[in-house]
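First comes the structure, then the notes that go with it.
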Amino acid sequence: MKIHRTTLYAAVCALVLTGCGASAASITEADRSAIQGVVENFRKAILSGDFEAAASNWSEDATAMPPHASAVHGRADIQKLFAGFGKTTAFTQNVVETDGRGDLAYSRLTFEATFTPPGATAPVTDKGKVLLVLGRQADGNWLVTKAAWNSDLPLPK
């Protein structure tokens, strides 16, 4: 009986210590390419005015944190947020950095966009930066789970 307890204790200790030292692997170049694809799919959808397709790059429980506004939660409300920007005539996003571990990644971007807000008579051009948090989904695809962005331009006076 004493030997069995000692063996069991040693086995449990080995499992616990092995788990403590383990860390998730860095994301791969294929993951980085897939995340770049998410960024590009979003850009194309916004330019085409397909806000449902734009929001499909976000998880169902995602959170968007736009500048000068409250956070928006959930894919349906994120779709409404983007639809509220109006007609976008130019939109570029440049991935500056992407990294992560396991099923969690981030991507830092810059953007420039020209759009005409609803009710406006003239287009507005903005440029700034974005921070995306992405999660690998059960099907292996990457989706945005959290995002914040803001302008590099000063507020109008």
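Residues in the structure tokens are numbered from 1 in each chain, the chains being A, B, ... in the order shown, and ligands are numbered from 1 in the order shown.
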Residue contacts of stretch 51-54 of chain A (12 Å, only C-alpha atoms) excluding same-chain residues fewer than 4 positions away, as a list in words: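 What passes the distance filter is Val38, Val39, Glu40, Asn41, Phe42, Arg43, Lys44, Ala45, Ile46, Leu47, Trp58, Ser59, Arg75, Ala76, Asp77, Ile78, Gln79, Lys80, Leu81, Phe82, Ala83, Gly84, Phe85, Gly86, Lys87, Thr88, Leu143 and Val144 of chain A.
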Keeping N, CA, C and O atoms, export the residues of the selection given above as a compact mmCIF listing (two decimals), in the first residue's frame.
```txt
# COMPACT_ATOMS: atom_id res chain seq x y z
N VAL A 38 -7.82 38.02 -42.77
CA VAL A 38 -8.95 38.61 -42.04
C VAL A 38 -8.96 40.12 -42.23
O VAL A 38 -10.00 40.73 -42.52
N VAL A 39 -7.79 40.73 -42.09
CA VAL A 39 -7.65 42.19 -42.25
C VAL A 39 -8.05 42.60 -43.67
O VAL A 39 -8.81 43.56 -43.87
N GLU A 40 -7.59 41.86 -44.66
CA GLU A 40 -7.89 42.19 -46.05
C GLU A 40 -9.37 41.94 -46.38
O GLU A 40 -9.99 42.75 -47.08
N ASN A 41 -9.95 40.86 -45.88
CA ASN A 41 -11.37 40.60 -46.12
C ASN A 41 -12.23 41.72 -45.53
O ASN A 41 -13.21 42.16 -46.14
N PHE A 42 -11.86 42.18 -44.33
CA PHE A 42 -12.59 43.27 -43.70
C PHE A 42 -12.49 44.54 -44.55
O PHE A 42 -13.48 45.21 -44.82
N ARG A 43 -11.29 44.86 -45.01
CA ARG A 43 -11.07 46.06 -45.82
C ARG A 43 -11.92 46.02 -47.09
O ARG A 43 -12.62 46.99 -47.42
N LYS A 44 -11.90 44.90 -47.78
CA LYS A 44 -12.68 44.77 -49.02
C LYS A 44 -14.18 44.89 -48.75
O LYS A 44 -14.91 45.52 -49.52
N ALA A 45 -14.66 44.29 -47.66
CA ALA A 45 -16.08 44.34 -47.33
C ALA A 45 -16.52 45.77 -47.02
O ALA A 45 -17.60 46.20 -47.45
N ILE A 46 -15.70 46.50 -46.28
CA ILE A 46 -16.04 47.90 -45.97
C ILE A 46 -16.10 48.72 -47.25
O ILE A 46 -17.04 49.50 -47.47
N LEU A 47 -15.11 48.55 -48.12
CA LEU A 47 -15.10 49.31 -49.39
C LEU A 47 -16.31 48.98 -50.26
O LEU A 47 -16.82 49.86 -50.96
N TRP A 58 -15.51 39.08 -37.36
CA TRP A 58 -15.53 39.25 -35.92
C TRP A 58 -16.27 38.08 -35.28
O TRP A 58 -17.24 37.57 -35.84
N SER A 59 -15.86 37.68 -34.08
CA SER A 59 -16.55 36.61 -33.38
C SER A 59 -17.93 37.10 -32.92
O SER A 59 -18.17 38.31 -32.82
N ARG A 75 -21.56 40.70 -32.69
CA ARG A 75 -21.40 40.86 -34.14
C ARG A 75 -22.51 41.71 -34.76
O ARG A 75 -22.24 42.55 -35.62
N ALA A 76 -23.74 41.51 -34.35
CA ALA A 76 -24.85 42.27 -34.96
C ALA A 76 -24.70 43.77 -34.72
O ALA A 76 -24.90 44.58 -35.63
N ASP A 77 -24.34 44.16 -33.50
CA ASP A 77 -24.17 45.58 -33.20
C ASP A 77 -22.91 46.15 -33.84
O ASP A 77 -22.86 47.33 -34.20
N ILE A 78 -21.89 45.32 -34.00
CA ILE A 78 -20.68 45.76 -34.72
C ILE A 78 -21.01 46.02 -36.18
O ILE A 78 -20.55 47.00 -36.77
N GLN A 79 -21.86 45.18 -36.76
CA GLN A 79 -22.30 45.41 -38.14
C GLN A 79 -23.02 46.76 -38.24
O GLN A 79 -22.76 47.53 -39.17
N LYS A 80 -23.89 47.07 -37.30
CA LYS A 80 -24.60 48.36 -37.30
C LYS A 80 -23.62 49.52 -37.14
O LYS A 80 -23.79 50.57 -37.76
N LEU A 81 -22.61 49.34 -36.29
CA LEU A 81 -21.59 50.38 -36.11
C LEU A 81 -20.94 50.73 -37.43
O LEU A 81 -20.86 51.90 -37.81
N PHE A 82 -20.49 49.72 -38.18
CA PHE A 82 -19.81 49.98 -39.44
C PHE A 82 -20.76 50.54 -40.49
O PHE A 82 -20.38 51.41 -41.27
N ALA A 83 -21.99 50.10 -40.50
CA ALA A 83 -22.98 50.64 -41.44
C ALA A 83 -23.21 52.13 -41.17
O ALA A 83 -23.48 52.89 -42.10
N GLY A 84 -23.08 52.55 -39.93
CA GLY A 84 -23.28 53.95 -39.56
C GLY A 84 -22.19 54.89 -40.03
O GLY A 84 -22.36 56.11 -39.97
N PHE A 85 -21.08 54.35 -40.52
CA PHE A 85 -20.00 55.21 -41.02
C PHE A 85 -20.33 55.82 -42.37
O PHE A 85 -19.70 56.77 -42.79
N GLY A 86 -21.29 55.25 -43.07
CA GLY A 86 -21.64 55.77 -44.39
C GLY A 86 -20.82 55.13 -45.49
O GLY A 86 -20.23 54.06 -45.32
N LYS A 87 -20.76 55.78 -46.64
CA LYS A 87 -20.08 55.27 -47.83
C LYS A 87 -18.58 55.50 -47.72
O LYS A 87 -18.12 56.62 -47.57
N THR A 88 -17.81 54.41 -47.80
CA THR A 88 -16.36 54.49 -47.78
C THR A 88 -15.84 54.41 -49.21
O THR A 88 -16.16 53.48 -49.94
N LEU A 143 -10.69 34.97 -35.92
CA LEU A 143 -11.66 36.06 -35.95
C LEU A 143 -11.25 37.11 -34.93
O LEU A 143 -10.64 36.80 -33.90
N VAL A 144 -11.63 38.35 -35.21
CA VAL A 144 -11.39 39.44 -34.27
C VAL A 144 -12.30 39.25 -33.06
O VAL A 144 -13.50 39.03 -33.22
```
Taking only C-alpha atoms into account, produce a table as a tab-separated table in which each residue of stretch 67-115 of chain A with an atom at most 9 Å from an atom of stretch 24-32 of chain A appears once, together with its shortest atom pair and the distance in Å to one decimal, ordered by chain and rising number.
```
residue	atom	partner	partner_atom	distance
A:Thr98	CA	A:Arg32	CA	6.6
A:Asp99	CA	A:Ile27	CA	6.6
A:Gly100	CA	A:Ile27	CA	5.5
A:Arg101	CA	A:Ser26	CA	4.3
A:Gly102	CA	A:Ala24	CA	4.9
A:Asp103	CA	A:Ile27	CA	8.0
A:Leu104	CA	A:Ile27	CA	8.4
A:Ala105	CA	A:Ile27	CA	7.6
```
DSSP strand (DSSP E or B) residues within chain A, as a PyMOL selection string: chain A and resi 26+58-65+72-73+87-101+104-116+124-136+142-151
Length of the atom CA of A:Val124 to atom CA of A:Ile35 vector [Å]: 27.9 Å
Sel. of alpha helix (DSSP H) residues, chain A, as an MDAnalysis selection string: chainID A and resid 2:21 29:48 51:55 75:83
Got time to write the residues from that selection, C-alpha atoms, as a PDB file, in the first residue's frame?
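The result, written out as selection23.pdb:
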```
ATOM      1  CA  LYS A   2       2.858   2.340   0.856  1.00  0.00           C
ATOM      2  CA  ILE A   3       4.472   1.793  -2.546  1.00  0.00           C
ATOM      3  CA  HIS A   4       1.209   2.502  -4.386  1.00  0.00           C
ATOM      4  CA  ARG A   5       0.678   5.803  -2.564  1.00  0.00           C
ATOM      5  CA  THR A   6       4.245   6.879  -3.238  1.00  0.00           C
ATOM      6  CA  THR A   7       3.920   5.976  -6.903  1.00  0.00           C
ATOM      7  CA  LEU A   8       0.599   7.818  -7.179  1.00  0.00           C
ATOM      8  CA  TYR A   9       2.047  10.862  -5.404  1.00  0.00           C
ATOM      9  CA  ALA A  10       5.091  10.894  -7.713  1.00  0.00           C
ATOM     10  CA  ALA A  11       2.885  10.585 -10.798  1.00  0.00           C
ATOM     11  CA  VAL A  12       0.635  13.471  -9.706  1.00  0.00           C
ATOM     12  CA  CYS A  13       3.660  15.665  -8.919  1.00  0.00           C
ATOM     13  CA  ALA A  14       5.167  14.903 -12.336  1.00  0.00           C
ATOM     14  CA  LEU A  15       1.927  15.833 -14.109  1.00  0.00           C
ATOM     15  CA  VAL A  16       1.569  19.081 -12.148  1.00  0.00           C
ATOM     16  CA  LEU A  17       5.178  20.113 -12.702  1.00  0.00           C
ATOM     17  CA  THR A  18       5.011  19.260 -16.398  1.00  0.00           C
ATOM     18  CA  GLY A  19       1.915  21.430 -16.784  1.00  0.00           C
ATOM     19  CA  CYS A  20       3.577  24.347 -14.988  1.00  0.00           C
ATOM     20  CA  GLY A  21       6.448  24.413 -17.443  1.00  0.00           C
ATOM     21  CA  GLU A  29       3.578  31.992 -40.515  1.00  0.00           C
ATOM     22  CA  ALA A  30       0.384  30.308 -41.756  1.00  0.00           C
ATOM     23  CA  ASP A  31      -1.449  31.892 -38.800  1.00  0.00           C
ATOM     24  CA  ARG A  32       0.037  35.294 -39.664  1.00  0.00           C
ATOM     25  CA  SER A  33      -1.099  34.875 -43.275  1.00  0.00           C
ATOM     26  CA  ALA A  34      -4.593  33.883 -42.128  1.00  0.00           C
ATOM     27  CA  ILE A  35      -4.770  36.956 -39.876  1.00  0.00           C
ATOM     28  CA  GLN A  36      -3.600  39.134 -42.781  1.00  0.00           C
ATOM     29  CA  GLY A  37      -6.463  37.580 -44.742  1.00  0.00           C
ATOM     30  CA  VAL A  38      -8.953  38.606 -42.040  1.00  0.00           C
ATOM     31  CA  VAL A  39      -7.651  42.191 -42.252  1.00  0.00           C
ATOM     32  CA  GLU A  40      -7.891  42.185 -46.054  1.00  0.00           C
ATOM     33  CA  ASN A  41     -11.373  40.601 -46.119  1.00  0.00           C
ATOM     34  CA  PHE A  42     -12.585  43.272 -43.698  1.00  0.00           C
ATOM     35  CA  ARG A  43     -11.072  46.061 -45.822  1.00  0.00           C
ATOM     36  CA  LYS A  44     -12.684  44.766 -49.018  1.00  0.00           C
ATOM     37  CA  ALA A  45     -16.082  44.339 -47.332  1.00  0.00           C
ATOM     38  CA  ILE A  46     -16.038  47.904 -45.971  1.00  0.00           C
ATOM     39  CA  LEU A  47     -15.103  49.306 -49.389  1.00  0.00           C
ATOM     40  CA  SER A  48     -17.925  47.377 -51.048  1.00  0.00           C
ATOM     41  CA  PHE A  51     -21.252  45.434 -43.606  1.00  0.00           C
ATOM     42  CA  GLU A  52     -22.531  41.919 -42.931  1.00  0.00           C
ATOM     43  CA  ALA A  53     -19.401  40.518 -44.587  1.00  0.00           C
ATOM     44  CA  ALA A  54     -17.258  43.027 -42.673  1.00  0.00           C
ATOM     45  CA  ALA A  55     -18.776  41.913 -39.357  1.00  0.00           C
ATOM     46  CA  ARG A  75     -21.399  40.865 -34.138  1.00  0.00           C
ATOM     47  CA  ALA A  76     -24.854  42.271 -34.961  1.00  0.00           C
ATOM     48  CA  ASP A  77     -24.171  45.582 -33.203  1.00  0.00           C
ATOM     49  CA  ILE A  78     -20.681  45.757 -34.715  1.00  0.00           C
ATOM     50  CA  GLN A  79     -22.300  45.413 -38.140  1.00  0.00           C
ATOM     51  CA  LYS A  80     -24.596  48.358 -37.297  1.00  0.00           C
ATOM     52  CA  LEU A  81     -21.594  50.382 -36.106  1.00  0.00           C
ATOM     53  CA  PHE A  82     -19.810  49.979 -39.441  1.00  0.00           C
ATOM     54  CA  ALA A  83     -22.977  50.643 -41.442  1.00  0.00           C
TER      55      ALA A  83
END
```
Point-to-point distance from atom CA of A:Leu109 to atom CA of A:Thr63, Å rounded to tenths: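 It comes out at 17.3 Å.
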Shell around A:Thr125 at 7 Å using only C-alpha atoms, local window under 5 positions removed, as a list in words: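 Near A:Thr125, the qualifying residues are Ala113, Thr114 and Phe115 of chain A.
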Distance of atom CA of A:Phe91 from atom CA of A:Pro66, expressed in Å to one decimal place: 16.3 Å
Which residue of A:Ala62, A:Ser56, A:Asp50, A:Pro67 approaches A:Gly128 most closely, using only C-alpha atoms: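 Closest to A:Gly128 of all the choices is A:Pro67.
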Pick from A:Gly135, A:Gly49, A:Gly119, A:Gly74, whichever lies nearest to A:Asp61 using only C-alpha atoms: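 Once distances to A:Asp61 are computed over only C-alpha atoms, the minimum belongs to A:Gly74.
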